$ cat upload.cif   # mmCIF, C-alpha atoms
data_protein
#
loop_
_atom_site.label_atom_id
_atom_site.label_comp_id
_atom_site.auth_asym_id
_atom_site.auth_seq_id
_atom_site.Cartn_x
_atom_site.Cartn_y
_atom_site.Cartn_z
CA MET A 6 0.00 0.00 0.00
CA ALA A 7 1.46 3.34 -1.04
CA THR A 8 1.92 5.77 1.80
CA HIS A 9 1.71 9.56 1.57
CA ALA A 10 5.50 9.75 1.49
CA ASP A 11 5.68 7.32 -1.47
CA VAL A 12 3.22 9.42 -3.46
CA ARG A 13 5.09 12.60 -2.54
CA ARG A 14 8.37 11.24 -3.91
CA ASN A 15 6.98 9.68 -7.09
CA ALA A 16 7.16 12.22 -9.93
CA LYS A 17 4.64 10.36 -12.08
CA ALA A 18 2.13 10.21 -9.24
CA GLN A 19 2.64 13.93 -8.64
CA ALA A 20 1.96 14.72 -12.30
CA VAL A 21 -1.21 12.62 -12.26
CA LEU A 22 -2.32 14.33 -9.06
CA LEU A 23 -1.81 17.85 -10.41
CA VAL A 24 -3.60 17.00 -13.65
CA ALA A 25 -6.44 15.52 -11.62
CA VAL A 26 -6.76 18.72 -9.59
CA ALA A 27 -6.76 20.80 -12.78
CA ALA A 28 -9.38 18.52 -14.35
CA LEU A 29 -11.59 18.68 -11.26
CA VAL A 30 -11.44 22.46 -11.14
CA SER A 31 -12.15 22.67 -14.89
CA PHE A 32 -15.15 20.36 -14.68
CA GLY A 33 -16.53 22.32 -11.76
CA LEU A 34 -16.18 25.59 -13.66
CA ALA A 35 -17.58 24.19 -16.89
CA GLY A 36 -20.57 22.82 -15.01
CA LEU A 37 -21.27 26.12 -13.30
CA ALA A 38 -20.83 28.01 -16.58
CA GLN A 39 -23.41 25.70 -18.16
CA ILE A 40 -25.90 26.14 -15.32
CA THR A 41 -25.60 29.92 -15.23
CA ARG A 42 -25.30 30.68 -18.94
CA GLU A 43 -28.99 31.21 -19.62
CA ARG A 44 -29.50 33.22 -16.45
CA ILE A 45 -26.61 35.52 -17.20
CA ALA A 46 -27.84 36.08 -20.75
CA ARG A 47 -31.30 36.87 -19.39
CA ASN A 48 -29.80 39.33 -16.88
CA ALA A 49 -27.95 41.09 -19.68
CA GLN A 50 -31.14 41.32 -21.72
CA ALA A 51 -33.21 42.61 -18.83
CA TRP A 52 -30.55 45.23 -18.14
CA MET A 53 -30.57 46.35 -21.80
CA GLN A 54 -34.37 46.31 -21.92
CA GLN A 55 -34.50 48.70 -18.96
CA HIS A 56 -32.28 51.20 -20.71
CA LEU A 57 -34.13 50.90 -24.01
CA GLU A 58 -37.51 51.43 -22.34
CA VAL A 59 -36.31 54.68 -20.82
CA LEU A 60 -35.14 56.02 -24.17
CA ILE A 61 -37.64 54.76 -26.73
CA PRO A 62 -41.25 55.32 -25.64
CA ALA A 63 -43.64 52.42 -26.14
CA ALA A 64 -45.74 54.57 -28.47
CA LEU A 65 -42.90 54.65 -30.98
CA HIS A 66 -42.62 50.94 -31.61
CA ASP A 67 -44.64 47.78 -31.82
CA ASN A 68 -41.70 45.41 -32.25
CA ASP A 69 -39.44 43.75 -29.71
CA LEU A 70 -36.36 45.97 -29.69
CA LEU A 71 -34.06 43.27 -28.34
CA ALA A 72 -35.10 40.96 -31.15
CA ASP A 73 -34.40 43.40 -33.98
CA THR A 74 -30.75 44.26 -33.88
CA ILE A 75 -28.01 44.68 -36.43
CA THR A 76 -24.32 45.04 -35.82
CA VAL A 77 -22.18 47.62 -37.55
CA ILE A 78 -18.49 48.43 -37.51
CA ALA A 79 -17.48 52.08 -37.71
CA PRO A 80 -14.41 52.82 -35.59
CA ASP A 81 -14.21 56.51 -36.54
CA SER A 82 -17.84 57.30 -35.85
CA LEU A 83 -18.85 54.98 -33.06
CA GLY A 84 -15.63 54.98 -31.07
CA THR A 85 -14.69 51.33 -31.20
CA ALA A 86 -13.18 48.85 -33.62
CA GLN A 87 -15.54 46.23 -32.22
CA PRO A 88 -18.96 45.57 -33.77
CA VAL A 89 -21.58 47.95 -32.37
CA THR A 90 -25.15 46.82 -31.73
CA VAL A 91 -27.97 48.89 -33.18
CA TYR A 92 -31.53 48.30 -31.95
CA ARG A 93 -34.22 49.18 -34.46
CA ALA A 94 -37.69 50.40 -33.62
CA TRP A 95 -40.59 49.98 -36.07
CA ARG A 96 -44.24 50.86 -35.92
CA ALA A 97 -46.58 49.08 -38.35
CA GLY A 98 -43.56 48.20 -40.44
CA ILE A 99 -42.40 51.82 -40.70
CA PRO A 100 -39.02 52.69 -39.15
CA THR A 101 -39.35 55.04 -36.19
CA ALA A 102 -36.07 55.06 -34.26
CA VAL A 103 -32.74 53.41 -33.49
CA ALA A 104 -30.67 52.99 -30.35
CA ILE A 105 -26.94 52.74 -30.99
CA ARG A 106 -24.46 51.38 -28.43
CA SER A 107 -21.93 54.03 -29.27
CA ILE A 108 -18.73 54.60 -27.32
CA ALA A 109 -16.98 57.79 -26.23
CA PRO A 110 -13.40 56.53 -26.45
CA ASP A 111 -11.78 59.56 -24.82
CA GLY A 112 -13.25 59.59 -21.30
CA TYR A 113 -11.02 60.66 -18.43
CA ARG A 114 -10.34 57.13 -17.26
CA GLY A 115 -11.21 55.06 -20.30
CA PRO A 116 -14.07 54.58 -22.72
CA ILE A 117 -17.61 55.60 -21.77
CA GLU A 118 -20.27 53.25 -23.10
CA LEU A 119 -23.37 55.05 -24.29
CA LEU A 120 -26.77 54.14 -25.60
CA VAL A 121 -27.85 56.82 -28.06
CA ALA A 122 -31.47 56.78 -29.20
CA ILE A 123 -32.26 58.68 -32.39
CA ARG A 124 -35.68 59.27 -33.87
CA TYR A 125 -36.02 58.37 -37.57
CA ASP A 126 -35.88 62.06 -38.56
CA GLY A 127 -32.47 62.45 -36.88
CA THR A 128 -33.42 64.15 -33.59
CA LEU A 129 -32.12 62.70 -30.36
CA LEU A 130 -34.58 60.78 -28.25
CA GLY A 131 -32.08 60.64 -25.44
CA VAL A 132 -28.82 59.19 -24.24
CA GLN A 133 -27.93 56.84 -21.39
CA VAL A 134 -24.52 56.04 -19.98
CA LEU A 135 -24.31 52.26 -19.81
CA ARG A 136 -20.83 51.88 -18.31
CA HIS A 137 -18.09 54.26 -17.36
CA ASP A 138 -15.04 54.55 -15.18
CA GLU A 139 -15.02 58.31 -14.63
CA THR A 140 -13.70 59.75 -11.36
CA PRO A 141 -16.28 59.29 -8.60
CA GLY A 142 -17.64 62.65 -7.47
CA LEU A 143 -16.27 64.60 -10.45
CA GLY A 144 -16.61 62.93 -13.83
CA ASP A 145 -19.67 60.92 -12.83
CA ALA A 146 -21.77 64.02 -12.19
CA PHE A 147 -24.26 62.93 -14.87
CA GLU A 148 -25.34 60.12 -12.54
CA LYS A 149 -26.55 61.90 -9.43
CA ARG A 150 -25.29 65.43 -9.06
CA GLU A 151 -26.44 66.82 -12.40
CA PRO A 152 -28.82 64.22 -13.76
CA HIS A 153 -30.38 66.82 -16.03
CA TRP A 154 -27.19 67.24 -17.97
CA LEU A 155 -27.88 64.21 -20.14
CA GLU A 156 -31.54 65.15 -20.57
CA ARG A 157 -30.53 68.41 -22.20
CA PHE A 158 -29.74 66.52 -25.40
CA ARG A 159 -33.29 65.31 -25.94
CA GLY A 160 -34.79 66.79 -29.10
CA LEU A 161 -31.52 68.13 -30.44
CA SER A 162 -30.14 67.23 -33.86
CA LEU A 163 -27.28 68.09 -36.17
CA SER A 164 -29.12 71.25 -37.26
CA ASN A 165 -30.08 72.28 -33.71
CA PRO A 166 -27.56 73.49 -32.67
CA PRO A 167 -25.64 73.73 -35.97
CA GLN A 168 -23.13 70.95 -36.47
CA GLN A 169 -20.05 73.10 -35.86
CA ARG A 170 -21.37 74.15 -32.44
CA TRP A 171 -21.74 70.57 -31.21
CA SER A 172 -19.00 70.86 -28.59
CA VAL A 173 -18.58 72.11 -25.02
CA LYS A 174 -18.49 75.86 -24.38
CA ARG A 175 -14.80 75.80 -23.66
CA ASP A 176 -14.25 74.61 -27.23
CA GLY A 177 -16.55 77.27 -28.63
CA GLY A 178 -19.66 75.12 -28.68
CA ASP A 179 -23.11 75.32 -27.15
CA PHE A 180 -22.90 72.82 -24.31
CA ASP A 181 -22.12 73.44 -20.65
CA ALA A 182 -19.60 71.17 -19.04
CA PHE A 183 -20.52 70.10 -15.54
CA THR A 184 -18.80 71.34 -12.41
CA GLY A 185 -15.38 69.88 -11.83
CA ALA A 186 -14.93 68.06 -15.12
CA THR A 187 -14.20 69.09 -18.68
CA ILE A 188 -12.92 65.92 -20.28
CA THR A 189 -15.96 63.77 -19.55
CA PRO A 190 -18.56 66.21 -20.99
CA ARG A 191 -16.33 66.85 -23.99
CA ALA A 192 -16.05 63.12 -24.65
CA ILE A 193 -19.81 62.62 -24.42
CA VAL A 194 -20.73 65.62 -26.58
CA THR A 195 -18.23 64.59 -29.25
CA ALA A 196 -19.46 61.01 -29.22
CA LEU A 197 -23.05 62.21 -29.63
CA ARG A 198 -22.13 64.40 -32.58
CA ARG A 199 -20.22 61.57 -34.25
CA THR A 200 -23.08 59.16 -33.67
CA LEU A 201 -25.60 61.60 -35.15
CA GLU A 202 -23.34 62.12 -38.17
CA TYR A 203 -23.03 58.38 -38.59
CA TYR A 204 -26.80 58.01 -38.44
CA GLN A 205 -27.33 60.76 -40.98
CA ARG A 206 -24.93 59.11 -43.41
CA HIS A 207 -26.14 55.55 -42.93
CA ARG A 208 -29.84 55.79 -42.17
CA GLN A 209 -30.86 54.08 -45.40
CA ARG A 210 -28.52 51.21 -44.78
CA LEU A 211 -29.51 50.79 -41.12
CA PHE A 212 -33.15 50.31 -42.12
CA ARG A 213 -32.45 48.48 -45.40
CA ASP A 214 -33.39 45.07 -44.04
CA PRO A 215 -37.07 44.71 -43.18
CA PRO A 216 -38.09 44.33 -39.52
CA ALA A 217 -37.08 41.01 -37.99
CA ASP A 218 -40.67 40.13 -37.12
CA ALA A 219 -41.79 40.48 -40.72
CA VAL A 220 -38.97 38.30 -42.03
CA ALA A 221 -39.94 35.31 -39.98
CA GLY A 222 -42.65 36.04 -37.46
CA ALA A 223 -43.00 32.57 -36.04
CA ALA A 224 -39.31 31.83 -36.20
CA ALA A 225 -38.43 35.05 -34.40
CA ASP A 226 -40.85 34.25 -31.59
CA PHE A 227 -39.36 30.84 -31.27
CA GLU A 228 -35.87 32.23 -31.10
CA ARG A 229 -36.86 34.84 -28.54
CA THR A 230 -38.44 32.43 -26.09
CA VAL A 231 -36.08 29.50 -26.47
CA ALA A 232 -32.69 31.07 -26.92
CA PRO A 233 -32.48 34.49 -25.30
CA ALA A 234 -28.72 34.31 -25.67
CA ALA A 235 -28.96 34.77 -29.43
CA TRP A 236 -29.52 38.49 -29.39
CA HIS A 237 -26.56 39.68 -31.39
CA SER A 238 -27.91 39.76 -34.88
CA SER A 239 -31.37 38.50 -35.54
CA ALA A 240 -31.81 40.48 -38.71
CA SER A 241 -28.77 40.40 -40.96
CA GLY A 242 -25.70 42.38 -40.04
CA HIS A 243 -23.90 44.37 -42.65
CA ARG A 244 -20.28 45.15 -43.25
CA MET B 82 7.84 22.29 7.66
CA ASN B 83 10.66 22.03 5.17
CA ALA B 84 13.39 24.43 6.23
CA SER B 85 14.90 24.54 2.71
CA THR B 86 11.98 26.52 1.27
CA PRO B 87 13.65 29.81 0.38
CA ALA B 88 12.50 32.95 2.15
CA ARG B 89 9.24 31.86 3.69
CA LEU B 90 6.85 34.75 3.30
CA ASP B 91 5.99 34.78 6.96
CA SER B 92 9.59 35.28 8.02
CA GLY B 93 10.00 38.85 9.13
CA PHE B 94 8.47 40.85 6.31
CA GLY B 95 5.33 38.73 6.03
CA PRO B 96 2.98 41.33 7.51
CA THR B 97 4.23 43.99 5.09
CA VAL B 98 3.72 41.71 2.12
CA GLN B 99 0.25 40.82 3.30
CA LEU B 100 -0.58 44.47 3.80
CA LEU B 101 0.57 45.34 0.28
CA ALA B 102 -1.32 42.39 -1.13
CA SER B 103 -4.50 43.74 0.42
CA CYS B 104 -4.57 46.68 -2.04
CA PRO B 105 -7.27 45.15 -4.26
CA LEU B 106 -9.38 44.69 -1.16
CA LEU B 107 -9.11 48.38 -0.42
CA ALA B 108 -10.44 49.32 -3.84
CA ALA B 109 -13.77 47.67 -3.06
CA SER B 110 -14.21 49.40 0.29
CA ASP B 111 -15.63 52.72 -0.89
CA THR B 112 -19.20 51.73 -0.07
CA VAL B 113 -20.67 49.42 2.55
CA VAL B 114 -22.51 47.40 -0.06
CA LYS B 115 -19.37 46.60 -2.02
CA ALA B 116 -17.54 45.72 1.20
CA LEU B 117 -20.40 43.40 2.14
CA GLY B 118 -20.33 41.74 -1.26
CA LEU B 119 -16.61 41.11 -1.12
CA SER B 120 -16.89 39.86 2.48
CA LEU B 121 -19.54 37.42 1.34
CA ALA B 122 -17.23 36.15 -1.38
CA LEU B 123 -14.32 35.84 1.04
CA ALA B 124 -16.41 33.96 3.58
CA PHE B 125 -16.87 31.27 0.96
CA ILE B 126 -13.52 31.34 -0.85
CA VAL B 127 -11.15 31.35 2.13
CA PRO B 128 -12.43 28.28 4.02
CA THR B 129 -13.08 26.34 0.80
CA THR B 130 -9.58 26.77 -0.56
CA ILE B 131 -7.74 26.41 2.73
CA LEU B 132 -9.54 23.20 3.59
CA SER B 133 -9.28 21.66 0.12
CA ALA B 134 -5.59 22.57 -0.03
CA ARG B 135 -5.23 20.90 3.35
CA MET B 136 -6.78 17.67 2.11
CA LEU B 137 -4.32 17.49 -0.79
CA ARG B 138 -1.32 18.49 1.23
CA PRO B 139 -0.17 15.08 2.56
CA TRP B 140 0.09 13.72 -0.99
CA LEU B 141 1.79 16.66 -2.62
CA HIS B 142 5.52 17.28 -2.86
CA GLU B 143 6.60 20.58 -1.34
CA ASP B 144 7.18 22.07 -4.83
CA ASN B 145 3.71 21.18 -6.05
CA ARG B 146 1.71 22.64 -3.22
CA LEU B 147 1.72 26.18 -4.55
CA PRO B 148 0.46 25.35 -8.09
CA ALA B 149 -2.23 23.08 -6.66
CA ALA B 150 -3.36 25.75 -4.19
CA MET B 151 -3.38 28.34 -6.99
CA MET B 152 -5.61 26.20 -9.17
CA LEU B 153 -8.05 25.61 -6.32
CA LEU B 154 -8.10 29.26 -5.40
CA ALA B 155 -8.50 30.55 -8.95
CA GLY B 156 -11.21 27.98 -9.64
CA THR B 157 -13.19 28.82 -6.52
CA THR B 158 -12.90 32.54 -7.19
CA ALA B 159 -14.09 32.10 -10.77
CA CYS B 160 -17.07 30.10 -9.48
CA VAL B 161 -18.00 32.87 -7.06
CA GLU B 162 -17.61 35.50 -9.79
CA ARG B 163 -19.85 33.57 -12.13
CA SER B 164 -22.45 33.01 -9.39
CA PHE B 165 -22.54 36.74 -8.66
CA GLN B 166 -23.11 37.46 -12.36
CA ALA B 167 -26.00 35.00 -12.41
CA TRP B 168 -27.76 35.69 -9.13
CA LEU B 169 -26.63 39.15 -8.01
CA PRO B 170 -25.83 40.85 -11.33
CA GLY B 171 -25.67 44.38 -9.91
CA LEU B 172 -23.17 43.39 -7.26
CA GLY B 173 -21.25 41.24 -9.74
CA GLU B 174 -20.90 44.27 -11.99
CA SER B 175 -19.57 46.55 -9.27
CA ILE B 176 -17.09 44.24 -7.53
CA GLY B 177 -16.48 42.08 -10.59
CA ILE B 178 -13.03 43.37 -11.43
CA PHE B 179 -11.74 43.20 -7.86
CA LEU B 180 -12.74 39.63 -7.19
CA PRO B 181 -10.07 38.00 -9.38
CA LEU B 182 -7.46 40.28 -7.81
CA ILE B 183 -7.94 38.80 -4.36
CA VAL B 184 -6.46 35.56 -5.66
CA ALA B 185 -3.01 37.14 -5.40
CA ASN B 186 -3.81 38.24 -1.88
CA LEU B 187 -5.13 34.90 -0.69
CA ILE B 188 -2.38 32.80 -2.22
CA ILE B 189 0.04 34.61 0.07
CA VAL B 190 -2.18 33.96 3.05
CA GLU B 191 -2.60 30.30 2.15
CA HIS B 192 1.06 29.79 1.46
CA SER B 193 2.25 31.37 4.68
CA LEU B 194 -0.29 29.48 6.76
CA GLU B 195 1.18 26.84 9.02
CA HIS B 196 -1.22 23.97 8.61
CA SER B 197 -1.94 22.22 11.84
CA ALA B 198 -2.60 18.55 12.53
CA ALA B 199 -6.25 18.90 13.42
CA ALA B 200 -8.72 19.78 10.67
CA ALA B 201 -10.84 21.68 13.16
CA ALA B 202 -7.94 23.99 13.94
CA ASP B 203 -7.47 24.78 10.23
CA TRP B 204 -11.17 25.38 9.85
CA ARG B 205 -11.14 27.79 12.77
CA LYS B 206 -8.04 29.53 11.44
CA SER B 207 -9.56 30.03 7.99
CA MET B 208 -12.72 31.46 9.52
CA VAL B 209 -10.64 33.86 11.60
CA ILE B 210 -8.79 35.03 8.48
CA ALA B 211 -12.01 35.52 6.51
CA ALA B 212 -13.65 37.29 9.44
CA GLY B 213 -10.63 39.54 9.90
CA MET B 214 -10.63 40.58 6.24
CA ALA B 215 -14.40 41.07 6.28
CA ALA B 216 -14.22 43.18 9.44
CA THR B 217 -11.47 45.38 7.95
CA LEU B 218 -13.45 45.80 4.73
CA LEU B 219 -16.64 46.66 6.56
CA ILE B 220 -15.01 49.17 8.91
CA LEU B 221 -13.35 50.87 5.94
CA GLY B 222 -16.58 50.70 3.94
CA VAL B 223 -18.65 52.29 6.70
CA ALA B 224 -16.07 54.99 7.36
CA ARG B 225 -15.47 55.88 3.71
CA GLU B 226 -19.10 55.88 2.68
CA TRP B 227 -20.16 57.83 5.73
CA VAL B 228 -17.51 60.50 5.28
CA GLY B 229 -17.50 60.50 1.49
CA ARG B 230 -21.19 60.33 0.68
CA GLY B 231 -22.99 60.89 3.95
CA SER B 232 -24.91 57.68 3.52
CA LEU B 233 -24.83 54.03 4.48
CA LEU B 234 -25.71 51.06 2.27
CA HIS B 235 -26.13 53.38 -0.71
CA ASP B 236 -27.30 51.43 -3.79
CA ALA B 237 -28.23 48.40 -1.68
CA GLY B 238 -31.43 48.03 -3.67
CA ARG B 239 -29.67 47.97 -7.02
CA LEU B 240 -26.97 45.58 -5.90
CA PHE B 241 -28.73 43.07 -3.65
CA GLY B 242 -32.27 43.26 -5.02
CA PRO B 243 -35.32 45.43 -4.40
CA TRP B 244 -35.88 44.06 -0.87
CA ALA B 245 -32.65 45.71 0.29
CA GLY B 246 -33.69 49.14 -0.95
CA ALA B 247 -35.25 49.85 2.44
CA LEU B 248 -31.82 49.55 4.07
CA GLU B 249 -30.40 52.57 2.28
CA THR B 250 -29.79 55.32 4.79
CA THR B 251 -28.86 58.91 4.24
CA ILE B 252 -27.18 60.47 7.23
CA PHE B 253 -26.66 63.92 5.79
CA ARG B 254 -27.28 65.30 2.32
CA VAL B 255 -24.17 66.38 0.51
CA ASP B 256 -23.66 67.80 -2.90
CA MET B 257 -20.22 66.48 -3.63
CA GLY B 258 -19.27 64.78 -0.37
CA PHE B 259 -15.79 64.53 0.99
CA LEU B 260 -14.29 63.32 -2.24
CA LEU B 261 -10.95 62.19 -0.83
CA ALA B 262 -12.64 59.48 1.20
CA MET B 263 -14.19 57.95 -1.92
CA LEU B 264 -11.06 58.05 -4.08
CA PRO B 265 -8.34 55.38 -3.81
CA PRO B 266 -6.02 57.52 -1.63
CA GLY B 267 -8.87 57.69 0.89
CA ALA B 268 -8.65 53.92 1.23
CA PHE B 269 -4.98 54.10 2.18
CA ILE B 270 -5.52 56.97 4.59
CA SER B 271 -8.42 55.13 6.24
CA LEU B 272 -6.36 51.96 6.47
CA GLY B 273 -3.49 53.93 8.03
CA LEU B 274 -5.84 55.40 10.63
CA LEU B 275 -7.28 51.97 11.33
CA LEU B 276 -3.78 50.51 11.87
CA ALA B 277 -2.86 53.42 14.13
CA LEU B 278 -5.98 52.81 16.17
CA ARG B 279 -5.22 49.12 16.41
CA ASN B 280 -1.64 49.74 17.52
CA TRP B 281 -2.76 52.28 20.05
CA LEU B 282 -5.29 49.86 21.53
CA ALA B 283 -2.73 47.05 21.55
CA ARG B 284 -0.16 49.20 23.33
CA ARG B 285 -2.65 50.49 25.86
CA SER B 286 -3.71 46.98 26.82
CA MET B 287 -0.06 45.92 27.18
CA THR B 288 1.08 48.62 29.61
CA PRO B 289 -0.45 47.77 32.96
CA ARG B 290 -2.46 50.63 34.30
CA THR B 291 -0.97 51.82 37.58
CA PRO B 292 -3.57 52.35 40.22
CA HIS B 293 -3.27 56.04 40.83
CA ARG B 294 -5.78 57.17 43.30
CA PRO B 295 -5.49 59.92 45.81
#

$ encode --input "upload.cif" --output "structure tokens"
Amino acid sequence: MATHADVRRNAKAQAVLLVAVAALVSFGLAGLAQITRERIARNAQAWMQQHLEVLIPAALHDNDLLADTITVIAPDSLGTAQPVTVYRAWRAGIPTAVAIRSIAPDGYRGPIELLVAIRYDGTLLGVQVLRHDETPGLGDAFEKREPHWLERFRGLSLSNPPQQRWSVKRDGGDFDAFTGATITPRAIVTALRRTLEYYQRHRQRLFRDPPADAVAGAAADFERTVAPAAWHSSASGHR
Amino acid sequence: MNASTPARLDSGFGPTVQLLASCPLLAASDTVVKALGLSLALAFIVPTTILSARMLRPWLHEDNRLPAAMMLLAGTTACVERSFQAWLPGLGESIGIFLPLIVANLIIVEHSLEHSAAAAADWRKSMVIAAGMAATLLILGVAREWVGRGSLLHDAGRLFGPWAGALETTIFRVDMGFLLAMLPPGAFISLGLLLALRNWLARRSMTPRTPHRP
């Protein structure tokens, strides 16, 4: 019978033991990942749904926003080289609005993830900050201290104010920065302008594919209820 | 214990190393809720890894104990992280990036721990370690949130679920708060004050009080 000391001195036994530990840990993790996958995907969807509901009023759409998305890549306009998700809103088959997960790449402490909702005619429905790492108490003023700052953008477009004045006051534009921070407001205003410009240039293409529901009504329902994880591109992506 | 192991971490400069390794813990102590979340994670991770490492120990060669302990620790931490994402998504989001960092911290603790013969003693020791870390985190969390924001358990509803919303307390309304307390340097200053307090208490209890009555 092998004693502890025998096992300790046997290199082969040690290798087997370490591999066994690694395998055990891996199986445990894989199992947990499997169990939690659907729940985590549902959490992510619920989180997104909350933000979308705030920005795009129910009266504007009769489709499921999470089910009608396309992904686009536009590093110069949308602030990231990664694919960006665009949620499309339709009413009776007529396009009414989009919500673009645009990014302000030049925040004070890293990129600021935005959700920019634009009405079909190009006016802003609103903007939400999804994730950010701005300095607590200074750069995050849009959260609690000056929550109205983000609301100011509602109803604005590239012609109101004129495109060249879409910057903070310090840069000769129309927008107030908030107290204690210049870089964060500048990053957000610039990102909004770029996103609006992108929308203006690409509106036709964004709405080129018909609404997801119309393409395959029954199939889309099936996909929505059975596999909530598949929310990346239910219509067809382009580029 | 094998005397040939070079520079055991608990020889002399151990406390300093452990203090430095606690930096990621400090980052999550700016609000009580985050401190609670991380304490919760620690209460599970520390005993689990220390006890499972203990079970393997008799069979493992001295050189293989560290890699084995690291795998166990990293695996357990990843499990906790994933569970947070699934069941407490708000909390998972806000302490998510700090959780993996405590692996570095705990591996030092585990490695410098003298395992004892009785399992019960190890169990008790691991609970003491977890409780000590949790207590430090909570004290820092209460102090920093109170000074920095004038509130306690801010965001509890968002992070733990709607039922906890009722726990949110505002002690005084502030516009910007005492910013320094919320920022990372505030964590170090608070920790320094806490250590000073601890040393003062320790010294006071050591010097016998001379009965000095008229």

$ resolve_selection --input "upload.cif" --expression "the PyMOL selection byres ((chain B) within 10 of (chain A))" --output "PyMOL selection string"
chain B and resi 137-146+148-150+152-157+159-161+163-171+174+229-230+255-261+263-264

$ residues_near_point --input "upload.cif" --point "(-32.8, 63.1, -28.9)" --cutoff "9 Å" --atoms "all atoms listed in the file" --output "PyMOL selection string"
chain A and resi 60+121-124+127-132+156-162

$ write_last_selection --input "upload.cif" --atoms "C-alpha atoms" --output "mmCIF file, in the coordinates of the input"
data_model
loop_
_atom_site.group_PDB
_atom_site.id
_atom_site.type_symbol
_atom_site.label_atom_id
_atom_site.label_comp_id
_atom_site.auth_asym_id
_atom_site.auth_seq_id
_atom_site.Cartn_x
_atom_site.Cartn_y
_atom_site.Cartn_z
ATOM 1 C CA LEU A 60 -35.140 56.020 -24.170
ATOM 2 C CA VAL A 121 -27.850 56.820 -28.060
ATOM 3 C CA ALA A 122 -31.470 56.780 -29.200
ATOM 4 C CA ILE A 123 -32.260 58.680 -32.390
ATOM 5 C CA ARG A 124 -35.680 59.270 -33.870
ATOM 6 C CA GLY A 127 -32.470 62.450 -36.880
ATOM 7 C CA THR A 128 -33.420 64.150 -33.590
ATOM 8 C CA LEU A 129 -32.120 62.700 -30.360
ATOM 9 C CA LEU A 130 -34.580 60.780 -28.250
ATOM 10 C CA GLY A 131 -32.080 60.640 -25.440
ATOM 11 C CA VAL A 132 -28.820 59.190 -24.240
ATOM 12 C CA GLU A 156 -31.540 65.150 -20.570
ATOM 13 C CA ARG A 157 -30.530 68.410 -22.200
ATOM 14 C CA PHE A 158 -29.740 66.520 -25.400
ATOM 15 C CA ARG A 159 -33.290 65.310 -25.940
ATOM 16 C CA GLY A 160 -34.790 66.790 -29.100
ATOM 17 C CA LEU A 161 -31.520 68.130 -30.440
ATOM 18 C CA SER A 162 -30.140 67.230 -33.860
#

$ resolve_selection --input "upload.cif" --expression "the PyMOL selection byres ((chain B and resi 269) around 12)" --output "list in words"
Leu100, Leu101, Ser103, Cys104, Pro105, Leu106, Leu107, Ala108, Ser110, Asp111, Leu221, Arg225, Leu261, Ala262, Met263, Leu264, Pro265, Pro266, Gly267, Ala268, Ile270, Ser271, Leu272, Gly273, Leu274, Leu275 and Leu276 of chain B

$ atom_distance --input "upload.cif" --atom1 "CA of Ser120 in chain B" --atom2 "CA of Gln50 in chain A"
28.1 Å

$ closest_residue --input "upload.cif" --among "B:Ala237, B:Ala122, B:Val127, B:Val113" --to "Lys206 in chain B" --atoms "all atoms listed in the file"
B:Val127

$ resolve_selection --input "upload.cif" --expression "the PyMOL selection byres ((chain A and resi 92-109) around 6)" --output "PyMOL selection string"
chain A and resi 66-67+70+73-74+83-84+89-91+110-111+116-125+192-193+196

$ atom_distance --input "upload.cif" --atom1 "CA of Ile178 in chain B" --atom2 "CA of Leu234 in chain B"
20.2 Å

$ atom_distance --input "upload.cif" --atom1 "CA of Arg135 in chain B" --atom2 "CA of Val190 in chain B"
13.4 Å

$ residues_around --input "upload.cif" --residues "Gly178 in chain A" --least-positions-apart "4" --cutoff "10 Å" --atoms "all atoms listed in the file" --output "short mmCIF file (atom, residue, chain, number, x, y, z; two decimals) with C-alpha atoms, keeping the file's coordinate frame"
data_model
loop_
_atom_site.label_atom_id
_atom_site.label_comp_id
_atom_site.auth_asym_id
_atom_site.auth_seq_id
_atom_site.Cartn_x
_atom_site.Cartn_y
_atom_site.Cartn_z
CA PRO A 166 -27.56 73.49 -32.67
CA PRO A 167 -25.64 73.73 -35.97
CA GLN A 168 -23.13 70.95 -36.47
CA GLN A 169 -20.05 73.10 -35.86
CA ARG A 170 -21.37 74.15 -32.44
CA TRP A 171 -21.74 70.57 -31.21
CA SER A 172 -19.00 70.86 -28.59
CA VAL A 173 -18.58 72.11 -25.02
CA LYS A 174 -18.49 75.86 -24.38
CA VAL A 194 -20.73 65.62 -26.58
#
